[in-house]
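Dropping run.txt in here (compact mmCIF, C-alpha atoms and all ligand atoms):
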```
# COMPACT_ATOMS: atom_id res chain seq x y z
CA MET D 1 35.45 82.25 65.54
CA ALA D 2 36.40 81.84 69.20
CA SER D 3 33.98 82.94 71.94
CA VAL D 4 33.93 82.95 75.74
CA THR D 5 31.43 84.15 78.37
CA CYS D 6 32.45 84.93 81.97
CA THR D 7 30.96 86.63 84.97
CA ALA D 8 32.97 88.54 87.58
CA PRO D 9 31.76 89.71 90.98
CA VAL D 10 31.83 93.09 92.65
CA ASN D 11 34.26 93.66 95.51
CA ILE D 12 33.68 96.14 98.31
CA ALA D 13 36.80 97.49 100.01
CA VAL D 14 37.09 97.59 103.78
CA ILE D 15 40.45 99.36 103.49
CA LYS D 16 39.96 101.76 100.61
CA TYR D 17 42.08 102.41 97.53
CA TRP D 18 42.13 106.14 96.86
CA GLY D 19 45.04 107.73 95.03
CA LYS D 20 47.59 106.73 92.41
CA ARG D 21 51.36 107.12 92.44
CA ASP D 22 51.39 106.31 88.70
CA THR D 23 48.29 107.15 86.69
CA GLU D 24 49.50 105.40 83.50
CA LEU D 25 50.26 102.03 85.06
CA ILE D 26 47.55 102.46 87.73
CA LEU D 27 49.80 102.04 90.75
CA PRO D 28 48.13 103.00 94.02
CA THR D 29 49.43 105.15 96.86
CA ASN D 30 48.36 102.59 99.47
CA ASP D 31 47.48 98.92 99.90
CA SER D 32 43.77 98.09 100.00
CA LEU D 33 41.69 95.13 101.10
CA SER D 34 38.25 94.04 99.96
CA VAL D 35 35.57 91.42 100.32
CA THR D 36 34.30 89.87 97.11
CA LEU D 37 30.51 89.61 97.14
CA SER D 38 28.49 86.71 95.84
CA GLN D 39 28.00 86.74 92.07
CA ASP D 40 24.29 85.95 92.48
CA ILE D 41 23.16 89.55 92.58
CA LEU D 42 25.97 91.93 91.73
CA HIS D 43 28.04 90.89 88.77
CA SER D 44 29.25 91.80 85.29
CA LYS D 45 28.63 89.25 82.58
CA THR D 46 30.91 89.56 79.60
CA SER D 47 30.93 87.67 76.31
CA ILE D 48 33.80 88.11 73.89
CA SER D 49 34.42 86.86 70.38
CA ALA D 50 37.52 87.02 68.23
CA GLN D 51 37.20 86.65 64.47
CA ALA D 52 39.55 87.24 61.53
CA GLU D 53 36.87 89.46 59.92
CA PHE D 54 36.71 91.82 62.94
CA ASP D 55 38.94 94.73 61.95
CA GLN D 56 38.79 96.46 65.34
CA ASP D 57 37.98 95.90 69.00
CA ARG D 58 34.43 96.99 69.91
CA LEU D 59 32.36 97.14 73.10
CA TRP D 60 28.62 96.94 73.76
CA LEU D 61 27.87 97.91 77.38
CA ASN D 62 24.39 97.10 78.67
CA GLY D 63 23.19 96.71 75.09
CA LYS D 64 24.56 100.00 73.74
CA GLU D 65 27.75 100.35 71.73
CA GLU D 66 30.40 102.54 73.37
CA ASP D 67 33.16 104.28 71.49
CA ILE D 68 36.34 102.71 72.86
CA THR D 69 38.82 104.18 70.39
CA LYS D 70 40.16 106.47 73.12
CA ASN D 71 39.63 104.02 76.00
CA LYS D 72 43.27 103.55 76.96
CA ARG D 73 42.48 101.29 79.87
CA MET D 74 40.61 98.72 77.79
CA HIS D 75 43.38 98.85 75.22
CA ASN D 76 45.90 98.14 78.01
CA CYS D 77 44.02 94.91 78.72
CA PHE D 78 43.84 93.94 75.04
CA ARG D 79 47.52 94.81 74.48
CA GLU D 80 48.84 92.86 77.48
CA THR D 81 46.78 89.71 76.89
CA ARG D 82 47.48 89.79 73.12
CA ALA D 83 51.22 90.03 73.76
CA LEU D 84 51.08 86.86 75.85
CA ARG D 85 48.99 85.10 73.21
CA ARG D 86 51.36 86.21 70.45
CA ALA D 87 54.31 84.70 72.31
CA MET D 88 52.40 81.39 72.52
CA GLU D 89 51.58 81.50 68.80
CA GLU D 90 55.23 82.16 67.95
CA GLN D 91 56.28 79.13 69.97
CA ASP D 92 53.60 76.84 68.58
CA GLY D 93 52.88 77.46 64.89
CA SER D 94 49.79 75.22 64.97
CA LEU D 95 47.84 77.61 67.23
CA PRO D 96 45.17 79.77 65.56
CA LYS D 97 46.44 83.35 65.22
CA LEU D 98 43.82 84.81 67.56
CA SER D 99 46.19 87.62 68.54
CA THR D 100 45.75 89.13 65.09
CA PHE D 101 41.92 89.16 65.22
CA GLY D 102 39.70 91.99 66.45
CA VAL D 103 37.65 91.27 69.58
CA HIS D 104 33.99 92.15 70.11
CA VAL D 105 32.91 92.54 73.75
CA CYS D 106 29.33 92.46 75.10
CA SER D 107 29.14 93.30 78.80
CA GLU D 108 26.16 93.68 81.11
CA ASN D 109 25.94 94.72 84.74
CA ASN D 110 22.94 93.50 86.68
CA PHE D 111 23.11 96.58 88.94
CA PRO D 112 23.41 100.38 88.45
CA THR D 113 26.52 101.18 86.41
CA ALA D 114 28.82 103.93 87.76
CA ALA D 115 26.70 104.55 90.88
CA GLY D 116 29.55 103.73 93.22
CA LEU D 117 28.88 100.00 93.28
CA ALA D 118 32.20 98.95 91.82
CA SER D 119 30.96 98.34 88.29
CA SER D 120 34.38 99.11 86.79
CA ALA D 121 35.95 96.49 89.07
CA SER D 122 33.65 93.66 88.00
CA GLY D 123 33.52 94.84 84.37
CA LEU D 124 37.26 94.98 83.79
CA ALA D 125 37.85 91.79 85.80
CA ALA D 126 35.33 89.96 83.63
CA LEU D 127 36.96 91.30 80.46
CA VAL D 128 40.49 90.33 81.46
CA PHE D 129 39.43 86.90 82.69
CA ALA D 130 37.47 86.32 79.47
CA LEU D 131 40.50 87.33 77.35
CA ALA D 132 42.73 84.95 79.34
CA GLN D 133 40.22 82.14 78.66
CA LEU D 134 39.82 83.01 74.99
CA TYR D 135 43.58 83.07 74.45
CA LYS D 136 44.10 80.02 76.73
CA LEU D 137 46.83 81.89 78.62
CA PRO D 138 48.80 79.78 81.11
CA ILE D 139 48.80 82.54 83.71
CA ASP D 140 48.04 82.52 87.43
CA MET D 141 45.44 84.83 88.94
CA SER D 142 47.91 87.16 90.64
CA ASP D 143 49.75 87.72 87.35
CA LEU D 144 46.42 88.24 85.60
CA SER D 145 45.49 90.74 88.33
CA ARG D 146 48.41 92.96 87.18
CA ILE D 147 46.71 93.20 83.79
CA ALA D 148 43.23 93.81 85.28
CA ARG D 149 44.79 96.55 87.42
CA GLN D 150 45.72 98.42 84.24
CA GLY D 151 42.05 98.37 83.23
CA SER D 152 40.77 99.72 86.56
CA GLY D 153 42.67 99.57 89.83
CA SER D 154 39.99 97.87 91.91
CA ALA D 155 39.40 95.29 89.14
CA CYS D 156 42.50 93.39 90.22
CA ARG D 157 40.74 92.42 93.47
CA SER D 158 37.66 91.02 91.68
CA LEU D 159 39.67 88.15 90.18
CA PHE D 160 39.62 86.41 93.56
CA GLY D 161 36.78 85.36 95.83
CA GLY D 162 36.79 85.85 99.58
CA PHE D 163 39.11 88.38 101.20
CA VAL D 164 41.59 90.03 98.87
CA ALA D 165 44.47 92.47 99.30
CA TRP D 166 45.89 94.64 96.55
CA GLU D 167 49.55 95.15 97.36
CA THR D 168 50.85 98.54 96.26
CA GLY D 169 54.25 97.11 95.38
CA LYS D 170 57.57 98.92 95.31
CA GLU D 171 58.64 98.58 91.69
CA ASP D 172 58.19 101.51 89.31
CA ASP D 173 57.13 99.18 86.49
CA GLY D 174 54.20 97.80 88.54
CA SER D 175 55.48 94.23 88.39
CA ASP D 176 54.75 93.69 92.10
CA SER D 177 51.47 95.64 92.28
CA ARG D 178 49.00 92.78 92.31
CA ALA D 179 46.10 91.18 94.17
CA VAL D 180 46.54 88.31 96.60
CA GLN D 181 43.90 86.29 98.40
CA ILE D 182 44.05 86.67 102.19
CA ALA D 183 41.41 84.01 102.80
CA PRO D 184 38.91 82.15 100.60
CA ASP D 185 35.14 82.77 100.68
CA THR D 186 34.65 79.66 102.82
CA HIS D 187 36.83 81.12 105.59
CA TRP D 188 34.14 83.22 107.30
CA PRO D 189 30.69 82.00 106.22
CA GLU D 190 28.91 83.79 109.10
CA LEU D 191 29.88 87.18 107.65
CA GLU D 192 27.33 88.66 105.27
CA ALA D 193 26.95 91.89 103.35
CA LEU D 194 23.79 93.90 102.82
CA VAL D 195 23.86 96.27 99.86
CA CYS D 196 21.59 99.27 100.38
CA VAL D 197 21.04 101.09 97.11
CA VAL D 198 20.38 104.64 98.22
CA SER D 199 20.65 106.04 94.72
CA ASP D 200 21.22 104.42 91.35
CA LYS D 201 22.18 107.70 89.72
CA LYS D 202 25.57 108.05 88.06
CA LYS D 203 28.02 109.66 90.49
CA GLY D 204 29.02 113.30 90.01
CA THR D 205 32.77 112.86 90.36
CA SER D 206 34.38 109.74 88.90
CA SER D 207 36.74 107.83 91.17
CA THR D 208 39.56 108.26 88.67
CA SER D 209 39.45 112.05 88.68
CA GLY D 210 38.33 112.37 92.31
CA MET D 211 41.30 110.47 93.68
CA GLN D 212 43.80 112.57 91.74
CA GLN D 213 42.14 115.77 92.96
CA THR D 214 42.60 114.40 96.48
CA ILE D 215 46.29 113.63 95.87
CA GLU D 216 46.85 117.15 94.56
CA SER D 217 44.98 119.10 97.21
CA SER D 218 44.29 117.21 100.45
CA PRO D 219 46.73 117.68 103.35
CA LEU D 220 44.75 115.03 105.26
CA MET D 221 45.78 112.45 102.66
CA GLN D 222 49.29 112.42 104.20
CA GLU D 223 47.76 111.32 107.48
CA ARG D 224 45.79 108.63 105.69
CA LEU D 225 48.94 107.28 104.06
CA ARG D 226 50.54 107.15 107.51
CA VAL D 227 47.76 105.08 109.13
CA VAL D 228 46.79 102.67 106.34
CA PRO D 229 49.73 100.23 106.72
CA GLY D 230 48.80 99.63 110.38
CA ARG D 231 45.16 99.20 109.41
CA MET D 232 46.05 96.69 106.68
CA ALA D 233 47.93 94.55 109.19
CA ALA D 234 45.16 94.80 111.79
CA MET D 235 42.43 94.08 109.22
CA THR D 236 44.27 91.05 107.86
CA GLN D 237 44.56 89.69 111.40
CA ALA D 238 40.90 90.44 112.16
CA ILE D 239 39.86 88.47 109.07
CA LEU D 240 42.17 85.55 109.82
CA ASP D 241 40.81 85.48 113.41
CA ARG D 242 37.19 86.01 112.25
CA ASP D 243 37.17 88.81 114.81
CA PHE D 244 34.03 90.77 113.92
CA PRO D 245 34.45 93.63 116.46
CA ALA D 246 37.94 94.42 115.13
CA PHE D 247 36.79 94.01 111.51
CA ALA D 248 33.78 96.29 112.12
CA GLU D 249 35.72 99.06 113.84
CA LEU D 250 38.45 99.16 111.18
CA THR D 251 35.91 99.02 108.34
CA MET D 252 33.90 101.99 109.64
CA GLN D 253 37.00 104.00 110.54
CA ASP D 254 38.49 103.49 107.11
CA SER D 255 35.26 104.40 105.31
CA ASN D 256 34.96 107.54 107.43
CA GLN D 257 38.56 108.53 106.76
CA PHE D 258 38.17 107.97 103.04
CA HIS D 259 35.12 110.29 103.00
CA SER D 260 37.02 112.77 105.17
CA VAL D 261 39.82 113.04 102.61
CA CYS D 262 37.16 113.54 99.96
CA LEU D 263 35.78 116.43 102.01
CA ASP D 264 39.34 117.72 102.53
CA THR D 265 39.90 117.72 98.77
CA TYR D 266 39.71 121.21 97.31
CA PRO D 267 37.12 121.81 95.95
CA PRO D 268 35.48 119.14 98.14
CA ILE D 269 34.00 115.91 96.82
CA PHE D 270 30.69 114.77 98.35
CA TYR D 271 29.78 111.14 97.88
CA LEU D 272 27.55 110.63 100.94
CA ASN D 273 24.05 112.10 101.14
CA ASP D 274 21.59 112.57 104.03
CA THR D 275 20.39 108.98 103.75
CA SER D 276 23.96 107.69 103.87
CA ARG D 277 24.61 109.72 107.01
CA GLY D 278 21.33 108.47 108.48
CA ILE D 279 22.49 104.88 107.94
CA ILE D 280 25.82 105.69 109.65
CA GLN D 281 23.97 107.05 112.68
CA LEU D 282 21.60 104.09 112.74
CA ILE D 283 24.44 101.55 112.76
CA HIS D 284 26.24 103.38 115.57
CA ALA D 285 23.00 103.59 117.59
CA TYR D 286 22.38 99.88 116.99
CA ASN D 287 25.88 98.94 118.12
CA LYS D 288 25.61 101.19 121.18
CA LEU D 289 22.26 99.68 122.17
CA HIS D 290 23.86 96.25 122.19
CA GLY D 291 27.08 97.40 123.85
CA GLY D 292 29.28 95.95 121.09
CA TYR D 293 29.75 95.59 117.38
CA LYS D 294 26.73 94.03 115.68
CA ALA D 295 27.20 95.65 112.26
CA ALA D 296 29.57 97.82 110.24
CA TYR D 297 28.92 100.19 107.33
CA THR D 298 31.16 101.16 104.48
CA PHE D 299 30.60 103.55 101.55
CA ASP D 300 32.54 103.76 98.29
CA ALA D 301 32.52 106.62 95.81
CA GLY D 302 28.76 107.04 96.06
CA PRO D 303 25.93 107.24 98.63
CA ASN D 304 25.12 103.51 98.64
CA ALA D 305 25.79 101.67 101.89
CA VAL D 306 27.22 98.21 102.28
CA ILE D 307 26.57 96.79 105.74
CA TYR D 308 28.69 93.90 106.95
CA ALA D 309 27.35 91.83 109.84
CA PRO D 310 27.28 88.29 111.18
CA LYS D 311 24.42 86.32 109.62
CA GLU D 312 22.55 86.11 112.93
CA ASN D 313 22.10 89.92 113.01
CA MET D 314 21.12 90.43 109.41
CA LYS D 315 17.35 89.91 109.77
CA GLU D 316 17.17 92.53 112.51
CA ILE D 317 19.33 94.96 110.51
CA ILE D 318 17.13 94.63 107.44
CA GLN D 319 14.06 95.32 109.59
CA LEU D 320 15.74 98.39 111.07
CA ILE D 321 16.74 99.70 107.66
CA HIS D 322 13.25 99.17 106.26
CA HIS D 323 11.72 100.80 109.32
CA TYR D 324 13.87 103.94 109.30
CA PHE D 325 14.31 104.22 105.53
CA PRO D 326 11.10 102.85 104.03
CA ALA D 327 11.44 102.00 100.36
CA GLY D 328 8.94 103.11 97.78
CA GLN D 329 7.68 106.12 99.70
CA ASP D 330 7.20 109.34 97.84
CA THR D 331 10.17 111.03 99.42
CA PRO D 332 12.86 113.10 97.75
CA ARG D 333 15.46 110.64 98.93
CA ASP D 334 15.08 107.99 96.25
CA VAL D 335 15.69 105.11 98.61
CA TYR D 336 15.39 101.45 97.88
CA PHE D 337 17.24 98.45 99.04
CA SER D 338 18.57 95.34 97.51
CA ASP D 339 16.53 92.31 98.32
CA PRO D 340 17.56 89.65 99.06
CA TYR D 341 20.75 90.61 100.77
CA GLN D 342 24.14 89.41 99.71
CA VAL D 343 25.42 86.12 101.00
CA PHE D 344 28.93 85.16 100.08
C1 LIG Y 401 38.04 100.88 96.53
N1 LIG Y 401 37.28 102.81 95.15
O1 LIG Y 401 39.03 100.50 97.16
C2 LIG Y 401 37.86 102.38 96.38
C3 LIG Y 401 36.99 102.95 97.46
C4 LIG Y 401 36.27 103.83 95.35
C5 LIG Y 401 36.26 104.10 96.81
O2 LIG Y 401 38.56 101.54 93.90
O3 LIG Y 401 40.92 104.96 88.42
O4 LIG Y 401 37.26 102.64 89.78
O5 LIG Y 401 39.88 102.83 87.63
O6 LIG Y 401 41.77 102.77 89.24
O7 LIG Y 401 39.22 101.28 90.61
C6 LIG Y 401 37.30 103.05 92.72
O8 LIG Y 401 38.41 103.24 91.93
O9 LIG Y 401 39.55 103.67 89.92
C7 LIG Y 401 37.75 102.42 93.96
P1 LIG Y 401 40.58 103.54 88.76
P2 LIG Y 401 38.57 102.59 90.50
O10 LIG Y 401 37.20 100.08 96.07
```
Could you render the structure from this file as structure tokens?
Amino acid sequence: MASVTCTAPVNIAVIKYWGKRDTELILPTNDSLSVTLSQDILHSKTSISAQAEFDQDRLWLNGKEEDITKNKRMHNCFRETRALRRAMEEQDGSLPKLSTFGVHVCSENNFPTAAGLASSASGLAALVFALAQLYKLPIDMSDLSRIARQGSGSACRSLFGGFVAWETGKEDDGSDSRAVQIAPDTHWPELEALVCVVSDKKKGTSSTSGMQQTIESSPLMQERLRVVPGRMAAMTQAILDRDFPAFAELTMQDSNQFHSVCLDTYPPIFYLNDTSRGIIQLIHAYNKLHGGYKAAYTFDAGPNAVIYAPKENMKEIIQLIHHYFPAGQDTPRDVYFSDPYQVF
């Protein structure tokens, strides 16, 4: 039996991926860019075993077995990594025939699954990385990211630390749609992320179906596709320059536009709630009070806020959040916050 255990971190996009030009190969309509968070708090931990006696691939997620017979995306990851392993076994007859064995997968998230905290990104990244280790594939991370992408689009970005772009690519076969690291995690140590868990409930509209509804019905999406290339270039420069005001403005604008296209989708998709909007107002008031950018918010496909800020501001921001959105109160808002905050 061969076994491997890996963890993969969550990534939070500052230029959002939303929309596919090919739903089979998972090719996006626009480039995206994310920050990979520290693995200390938000991660997926995945153990896999391959054994001749295993007659099929099986998954246990957070301790409960899931039926993956119709899970095409997981099978994409198994198929692609097995094909590479098979080629190695054909070249070197002494290698164990792992490609013919079934694989059992045990995966755990240490945060709410499917609540808009990028659990599919870390989960599929951990699976693909674990398979590459198990099969001892001589493959670089960008090539591996093309396989992770076929499990879940945003998973391709979680194979790298630091600041990561997912390039849409031009080819119809997806061969150039991959993740690349813009800068390593050591590049901007002053930048921190605070994850505010507003709700740990499963989201109402999955990202996969929500983004296709947007593509089919939102006229505003055309405007988004027009502005994203300029934002990608400006965001990349802001990161390379460690220019927090530029990073903050672009991050908030892109989050707002992403939620605007959700609202423009017909019927509309609501991911933010009153608490999310309260946090948006608080961050703008905080920045205005200081006459500059002290913090930036971003929201994915759920109500939970991620606040990026230089380390020196984080203590004050946490106090503000706790003051205006006290945790543990008997309110209908179901608010609590991650503690301690993320440092990457
Ligand atoms: C992102 N999101 O860039 C954006 C922002 C949600 C909002 O990537 O269908 O779970 O598996 O490719 O990767 C969520 O989309 O969707 C996502 P699939 P995925 O992080």
Exercise for the section: Please write out the residues within 7 Å of ligand LIG 401 (chain Y) as a ChimeraX atom specification, counting only C-alpha atoms and all ligand atoms. Expected result: /D:12-13,15-18,26,32,118,120-121,151-155,207-208,300-301
Problem - Point (37.0, 91.9, 82.7) neighbourhood (12 Å, all atoms listed in the file) written as a ChimeraX atom specification - result: /D:4-10,43-48,59,73-74,76-78,81,105-109,119-133,144-145,147-159
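The spacing separating atom CA of D:Thr236 from atom CA of D:Asn256 amounts to 18.9 Å.
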Exercise for the section: Tell me, as a PyMOL selection string, which residues lie within 9 Å of stretch 53-58 of chain D, counting only C-alpha atoms; anything in the same chain fewer than 6 positions away does not count. Expected result: chain D and resi 65-69+75+78+101-106
Problem - Pick from D:Thr251, D:Thr29, D:Asn62, D:Ser177 nearest to D:Val306, counting all atoms listed in the file - result: D:Thr251
Handout entry: Atomic distance atom CA of D:Ser175 - atom CA of D:Cys262, expressed in Å with one decimal
Key = 29.0 Å
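In this model, the gap between atom CA of D:Arg226 and atom CA of D:Asp31 comes to 11.6 Å.
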Would you compute the box with edges along x, y and z of the file around stretch 279-282 of chain D, including every atom the file lists for it and 3 Å extra on each side, and give its centre and edge lengths in Å to one decimal, as lines of an AutoDock Vina configuration file?
```
center_x = 23.7
center_y = 105.6
center_z = 110.3
size_x = 10.2
size_y = 9.0
size_z = 10.8
```
